[in-house]
Amino acid sequence: MSESRARRMWRVLEPYHAISYFAPDTRQATDALGLRGGWMSYFGCRAAPLGAVGPDVVAALFYNFHPSMVARAIPDAWNYASPEQLLTARLEAVDSAVRRLLPDPSTAVRRTAELARRAAELAPVAGRALGAANAALEWPDEPHLVLWQATTILRESRGDGHVAALVGAELSPCQACITISAAGGPSKQVFQVNRRWSDEEWAEAEEDLKSRGLLDADGVLTEAGRALRQQVEDTTDRLAEQGWSAFGDEAAAELDRLIRPISGMIMASGAVPPDNPMAMRWEPEELPPTASADPGR
């Protein structure tokens, strides 16, 4: 199947956003503020645009994390650092990480940042809490940070639409993990480490999917299960396409061309692991043999 524009743009933009999750700079910045552990850092930084919300709100919006996992980090994170401090910390961490990965980043990504900001300002935010919260933040000055904020708005807007698609398909948070894994995404082990669903909860969710005819006795997606999972992905793309249609074919093609070598370099560097719970993968032939000295100019 050909890749839709909305999915292609997510895939080529996501590595730049994902730097904030995997670069050690973020954890170092939040450790300095007193936060405890990588998951408190993750939940605090990602939820910070929402303000000092409680764990139920974060679990609902992030969707596929076990609620008890969220509750171990939120609201305790706000006792160590305010959302405003964490917004500053995550941006400073991205600045440090990108400067390490890209030579002269502000020059290298200037045009890419301009286009990405335009795309982000067109991304739909109505009914999309995480997308809207990030879109409401002030824009930074440096182009490489503008690019990061733009990729963040675009992915959170898309992610909100994805959650809506999962809810519409009547897939619970655990079942969302099960079905994407069964469709060839990250393994059960990856999801259990990163989303904390127990064996018992996983098995119970599988049994419900089997009773609905979506999984067979061996835990493999049935024809109906594959169709439902494809419906979720198609709906996600369709909802995200609203912004890309307004952005236009020519601008989207230019942004794709400019961001691709940058993201390829990030993936080739190992800064983002190839088997990640975001189900974002790059094929070996897409990765540059060496980092470009001047990507995106």
# chains A, B, ... in the order shown; residues from 1 in each chain; ligands from 1

$ residues_around --residues "Ala136 in chain A" --least-positions-apart "2" --cutoff "12 Å" --atoms "only C-alpha atoms" --output "MDAnalysis selection string"
chainID A and resid 49:51 120:121 125 129:134 138:139 149:150 152:153

$ write_last_selection --atoms "N, CA, C and O atoms" --output "compact mmCIF listing (two decimals), in the first residue's frame"
# COMPACT_ATOMS: atom_id res chain seq x y z
N PRO A 49 2.56 21.42 29.00
CA PRO A 49 1.75 22.44 28.32
C PRO A 49 0.31 22.50 28.83
O PRO A 49 -0.37 23.51 28.65
N LEU A 50 -0.16 21.43 29.49
CA LEU A 50 -1.53 21.39 29.99
C LEU A 50 -1.67 22.12 31.32
O LEU A 50 -2.80 22.37 31.77
N GLY A 51 -0.55 22.42 31.98
CA GLY A 51 -0.60 22.94 33.33
C GLY A 51 -0.52 21.80 34.33
O GLY A 51 -0.29 20.65 33.97
N ALA A 120 2.50 23.68 11.24
CA ALA A 120 1.99 23.53 12.60
C ALA A 120 0.87 24.52 12.88
O ALA A 120 -0.09 24.21 13.60
N GLU A 121 0.97 25.72 12.32
CA GLU A 121 -0.06 26.72 12.56
C GLU A 121 -1.37 26.38 11.84
O GLU A 121 -2.42 26.95 12.14
N VAL A 125 -6.69 21.84 15.85
CA VAL A 125 -6.59 21.76 17.31
C VAL A 125 -7.96 21.65 17.99
O VAL A 125 -8.02 21.33 19.17
N ALA A 129 -6.72 18.27 22.75
CA ALA A 129 -6.19 18.98 23.91
C ALA A 129 -4.68 19.12 23.89
O ALA A 129 -4.14 20.20 24.17
N LEU A 130 -3.96 18.05 23.58
CA LEU A 130 -2.49 18.14 23.57
C LEU A 130 -2.00 19.00 22.42
O LEU A 130 -1.06 19.78 22.57
N GLY A 131 -2.61 18.85 21.27
CA GLY A 131 -2.24 19.70 20.14
C GLY A 131 -2.48 21.16 20.45
O GLY A 131 -1.63 22.02 20.19
N ALA A 132 -3.65 21.47 21.02
CA ALA A 132 -3.99 22.86 21.33
C ALA A 132 -3.09 23.44 22.40
O ALA A 132 -2.67 24.60 22.33
N ALA A 133 -2.76 22.64 23.43
CA ALA A 133 -1.92 23.12 24.52
C ALA A 133 -0.52 23.48 24.03
O ALA A 133 0.05 24.49 24.43
N ASN A 134 0.02 22.67 23.13
CA ASN A 134 1.35 22.98 22.59
C ASN A 134 1.29 24.14 21.60
O ASN A 134 2.21 24.95 21.53
N GLU A 138 4.32 30.05 23.45
CA GLU A 138 5.08 31.01 22.66
C GLU A 138 6.14 30.29 21.83
O GLU A 138 6.71 29.29 22.27
N TRP A 139 6.40 30.84 20.65
CA TRP A 139 7.42 30.24 19.80
C TRP A 139 8.82 30.66 20.27
O TRP A 139 9.03 31.83 20.62
N GLN A 149 9.43 22.67 18.15
CA GLN A 149 8.08 22.99 18.63
C GLN A 149 7.05 22.70 17.54
O GLN A 149 5.96 22.20 17.84
N ALA A 150 7.39 22.97 16.30
CA ALA A 150 6.46 22.70 15.20
C ALA A 150 6.20 21.20 15.07
O ALA A 150 5.05 20.77 14.93
N THR A 152 6.41 19.07 17.37
CA THR A 152 5.66 18.67 18.56
C THR A 152 4.17 18.97 18.40
O THR A 152 3.32 18.13 18.70
N ILE A 153 3.85 20.15 17.91
CA ILE A 153 2.44 20.50 17.68
C ILE A 153 1.81 19.54 16.67
O ILE A 153 0.70 19.03 16.87

$ select_by_dssp --residues "range 111-259 of chain A" --states "alpha helix (DSSP H)" --output "MDAnalysis selection string"
chainID A and resid 111:122 129:135 143:168 173:182 188:195 199:211 223:247 249:259

$ residues_around --residues "Ala93 in chain A" --least-positions-apart "4" --cutoff "9 Å" --atoms "only C-alpha atoms" --output "list of chain:residue names"
A:Ser20, A:Ala23, A:Pro24, A:Asp25, A:Thr26, A:Arg27, A:Gln28, A:Ala29, A:Thr88, A:Ala89, A:Ala97, A:Val98

$ closest_atom_pairs --of "range 95-192 of chain A" --to "range 250-261 of chain A" --cutoff "8 Å" --atoms "only C-alpha atoms" --output "Markdown table"
| residue | atom | partner | partner_atom | distance |
| --- | --- | --- | --- | --- |
| A:Thr112 | CA | A:Leu258 | CA | 6.0 |
| A:Leu115 | CA | A:Leu255 | CA | 6.2 |
| A:Ala116 | CA | A:Leu255 | CA | 6.9 |

$ write_last_selection --atoms "C-alpha atoms" --output "compact mmCIF listing (two decimals), in the first residue's frame"
# COMPACT_ATOMS: atom_id res chain seq x y z
CA THR A 112 12.87 23.68 7.31
CA LEU A 115 7.92 25.53 6.62
CA ALA A 116 7.28 23.37 9.68

$ residues_around --residues "Leu215 in chain A" --least-positions-apart "3" --cutoff "12 Å" --atoms "only C-alpha atoms" --output "ChimeraX atom specification"
/A:175,178-179,181-183,203,205-212,218-229

$ write_last_selection --atoms "C-alpha atoms" --output "mmCIF file, in the first residue's frame"
data_model
loop_
_atom_site.group_PDB
_atom_site.id
_atom_site.type_symbol
_atom_site.label_atom_id
_atom_site.label_comp_id
_atom_site.auth_asym_id
_atom_site.auth_seq_id
_atom_site.Cartn_x
_atom_site.Cartn_y
_atom_site.Cartn_z
ATOM 1 C CA GLN A 175 -6.137 -3.212 23.249
ATOM 2 C CA ILE A 178 -2.249 -5.372 21.484
ATOM 3 C CA THR A 179 -3.654 -4.660 18.037
ATOM 4 C CA SER A 181 1.641 -5.208 18.060
ATOM 5 C CA ALA A 182 -0.346 -7.931 16.289
ATOM 6 C CA ALA A 183 -0.310 -5.804 13.118
ATOM 7 C CA ALA A 203 -4.576 -11.606 28.492
ATOM 8 C CA ALA A 205 -7.859 -7.594 26.858
ATOM 9 C CA GLU A 206 -6.923 -10.292 24.329
ATOM 10 C CA GLU A 207 -9.878 -12.432 25.425
ATOM 11 C CA ASP A 208 -12.255 -9.559 24.794
ATOM 12 C CA LEU A 209 -10.769 -9.058 21.325
ATOM 13 C CA LYS A 210 -11.201 -12.780 20.625
ATOM 14 C CA SER A 211 -14.828 -12.642 21.738
ATOM 15 C CA ARG A 212 -15.370 -9.817 19.248
ATOM 16 C CA ASP A 218 -3.422 -17.863 18.639
ATOM 17 C CA GLY A 219 -3.646 -14.112 19.210
ATOM 18 C CA VAL A 220 -3.311 -13.276 15.504
ATOM 19 C CA LEU A 221 -5.477 -10.574 13.977
ATOM 20 C CA THR A 222 -8.412 -11.987 12.053
ATOM 21 C CA GLU A 223 -9.589 -10.441 8.805
ATOM 22 C CA ALA A 224 -12.014 -8.341 10.842
ATOM 23 C CA GLY A 225 -9.216 -7.389 13.246
ATOM 24 C CA ARG A 226 -6.943 -6.297 10.420
ATOM 25 C CA ALA A 227 -9.757 -4.286 8.889
ATOM 26 C CA LEU A 228 -10.490 -2.538 12.201
ATOM 27 C CA ARG A 229 -6.834 -1.734 12.777
#

$ residues_around --residues "Cys174 in chain A" --least-positions-apart "6" --cutoff "7 Å" --atoms "only C-alpha atoms" --output "JSON, numbers by chain"
{"A": [64, 197, 202, 205]}

$ residues_around --residues "Phe62 in chain A" --least-positions-apart "4" --cutoff "9 Å" --atoms "only C-alpha atoms" --output "compact mmCIF listing (two decimals) with N, CA, C and O atoms, in the first residue's frame"
# COMPACT_ATOMS: atom_id res chain seq x y z
N ALA A 47 3.38 16.55 29.64
CA ALA A 47 2.11 17.09 30.14
C ALA A 47 2.20 18.57 30.49
O ALA A 47 1.17 19.22 30.68
N VAL A 57 -6.31 12.94 34.05
CA VAL A 57 -6.31 13.71 32.80
C VAL A 57 -5.17 13.25 31.90
O VAL A 57 -5.35 13.03 30.69
N VAL A 58 -3.98 13.09 32.47
CA VAL A 58 -2.82 12.67 31.68
C VAL A 58 -3.04 11.28 31.12
O VAL A 58 -2.79 11.02 29.93
N LEU A 130 -3.96 18.05 23.58
CA LEU A 130 -2.49 18.14 23.57
C LEU A 130 -2.00 19.00 22.42
O LEU A 130 -1.06 19.78 22.57
N GLY A 159 -1.74 12.84 17.20
CA GLY A 159 -1.97 11.87 18.26
C GLY A 159 -3.35 11.99 18.87
O GLY A 159 -4.00 10.99 19.19
N ASP A 160 -3.82 13.22 19.06
CA ASP A 160 -5.18 13.42 19.57
C ASP A 160 -6.20 12.80 18.61
O ASP A 160 -7.19 12.20 19.04
N VAL A 163 -6.17 9.02 19.05
CA VAL A 163 -6.94 8.59 20.23
C VAL A 163 -8.43 8.59 19.89
O VAL A 163 -9.16 7.65 20.26

$ closest_residue --among "A:Arg8, A:Arg46, A:Arg118, A:Arg90" --to "Glu241 in chain A" --atoms "only C-alpha atoms"
A:Arg8

$ closest_residue --among "A:Val146, A:Tyr42, A:Gln231, A:Asp199" --to "Glu170 in chain A" --atoms "only C-alpha atoms"
A:Gln231

$ residues_around --residues "Leu86 in chain A" --least-positions-apart "6" --cutoff "8 Å" --atoms "only C-alpha atoms" --output "ChimeraX atom specification"
/A:30,44-45,48

$ closest_residue --among "A:Glu204, A:Glu156, A:Glu14, A:Asp216" --to "Thr236 in chain A" --atoms "only C-alpha atoms"
A:Glu156

$ closest_residue --among "A:Leu137, A:Met265, A:Leu35, A:Leu122" --to "Arg72 in chain A" --atoms "only C-alpha atoms"
A:Leu35

$ closest_residue --among "A:Leu102, A:Ala268, A:Ala169, A:Val53" --to "Val232 in chain A" --atoms "only C-alpha atoms"
A:Ala169

$ decode --residues "range 37-62 of chain A" --atoms "N, CA, C and O atoms" --output "tab-separated table (two decimals), in the first residue's frame"
chain	number	residue	atom	x	y	z
A	37	GLY	N	13.48	10.00	38.28
A	37	GLY	CA	13.36	8.95	37.29
A	37	GLY	C	12.95	9.43	35.92
A	37	GLY	O	12.42	10.52	35.73
A	38	GLY	N	13.19	8.55	34.94
A	38	GLY	CA	12.92	8.89	33.56
A	38	GLY	C	11.44	9.04	33.24
A	38	GLY	O	11.06	9.90	32.42
A	39	TRP	N	10.58	8.24	33.88
A	39	TRP	CA	9.17	8.34	33.56
A	39	TRP	C	8.54	9.59	34.16
A	39	TRP	O	7.65	10.20	33.56
A	40	MET	N	8.98	10.00	35.34
A	40	MET	CA	8.48	11.27	35.88
A	40	MET	C	8.92	12.41	34.97
A	40	MET	O	8.16	13.36	34.71
A	41	SER	N	10.13	12.31	34.44
A	41	SER	CA	10.63	13.30	33.49
A	41	SER	C	9.75	13.33	32.24
A	41	SER	O	9.33	14.39	31.77
A	42	TYR	N	9.45	12.14	31.71
A	42	TYR	CA	8.64	12.05	30.49
A	42	TYR	C	7.24	12.63	30.71
A	42	TYR	O	6.78	13.49	29.95
A	43	PHE	N	6.55	12.12	31.72
A	43	PHE	CA	5.18	12.57	31.94
A	43	PHE	C	5.13	14.05	32.30
A	43	PHE	O	4.24	14.79	31.84
A	44	GLY	N	6.07	14.51	33.11
A	44	GLY	CA	6.08	15.91	33.48
A	44	GLY	C	6.32	16.82	32.29
A	44	GLY	O	5.59	17.81	32.10
A	45	CYS	N	7.32	16.50	31.48
A	45	CYS	CA	7.64	17.36	30.34
A	45	CYS	C	6.55	17.33	29.27
A	45	CYS	O	6.18	18.36	28.73
A	46	ARG	N	6.03	16.15	28.99
A	46	ARG	CA	5.03	16.07	27.93
A	46	ARG	C	3.70	16.68	28.36
A	46	ARG	O	2.98	17.28	27.55
A	47	ALA	N	3.38	16.55	29.64
A	47	ALA	CA	2.11	17.09	30.14
A	47	ALA	C	2.20	18.57	30.49
A	47	ALA	O	1.17	19.22	30.68
A	48	ALA	N	3.40	19.11	30.60
A	48	ALA	CA	3.58	20.49	31.08
A	48	ALA	C	2.75	21.53	30.32
A	48	ALA	O	2.24	22.47	30.95
A	49	PRO	N	2.56	21.42	29.00
A	49	PRO	CA	1.75	22.44	28.32
A	49	PRO	C	0.31	22.50	28.83
A	49	PRO	O	-0.37	23.51	28.65
A	50	LEU	N	-0.16	21.43	29.49
A	50	LEU	CA	-1.53	21.39	29.99
A	50	LEU	C	-1.67	22.12	31.32
A	50	LEU	O	-2.80	22.37	31.77
A	51	GLY	N	-0.55	22.42	31.98
A	51	GLY	CA	-0.60	22.94	33.33
A	51	GLY	C	-0.52	21.80	34.33
A	51	GLY	O	-0.29	20.65	33.97
A	52	ALA	N	-0.71	22.11	35.60
A	52	ALA	CA	-0.55	21.12	36.67
A	52	ALA	C	-1.78	20.24	36.80
A	52	ALA	O	-2.48	20.23	37.83
A	53	VAL	N	-2.05	19.45	35.76
A	53	VAL	CA	-3.22	18.58	35.75
A	53	VAL	C	-2.94	17.32	36.56
A	53	VAL	O	-1.80	16.98	36.87
A	54	GLY	N	-4.01	16.58	36.87
A	54	GLY	CA	-3.88	15.36	37.65
A	54	GLY	C	-3.63	14.14	36.79
A	54	GLY	O	-3.68	14.20	35.55
A	55	PRO	N	-3.38	12.99	37.42
A	55	PRO	CA	-3.03	11.78	36.68
A	55	PRO	C	-4.15	11.25	35.80
A	55	PRO	O	-3.88	10.67	34.73
A	56	ASP	N	-5.40	11.43	36.20
A	56	ASP	CA	-6.51	10.93	35.38
A	56	ASP	C	-6.57	11.64	34.04
A	56	ASP	O	-6.86	11.02	33.00
A	57	VAL	N	-6.31	12.94	34.05
A	57	VAL	CA	-6.31	13.71	32.80
A	57	VAL	C	-5.17	13.25	31.90
A	57	VAL	O	-5.35	13.03	30.69
A	58	VAL	N	-3.98	13.09	32.47
A	58	VAL	CA	-2.82	12.67	31.68
A	58	VAL	C	-3.04	11.28	31.12
A	58	VAL	O	-2.79	11.02	29.93
A	59	ALA	N	-3.52	10.35	31.93
A	59	ALA	CA	-3.76	8.98	31.45
A	59	ALA	C	-4.79	8.98	30.33
A	59	ALA	O	-4.66	8.25	29.34
A	60	ALA	N	-5.83	9.81	30.46
A	60	ALA	CA	-6.87	9.87	29.44
A	60	ALA	C	-6.33	10.38	28.12
A	60	ALA	O	-6.62	9.83	27.05
A	61	LEU	N	-5.52	11.43	28.16
A	61	LEU	CA	-5.02	12.05	26.93
A	61	LEU	C	-3.89	11.26	26.30
A	61	LEU	O	-3.79	11.17	25.08
A	62	PHE	N	-3.00	10.69	27.13
A	62	PHE	CA	-1.89	9.90	26.58
A	62	PHE	C	-2.39	8.52	26.14
A	62	PHE	O	-1.78	7.89	25.30
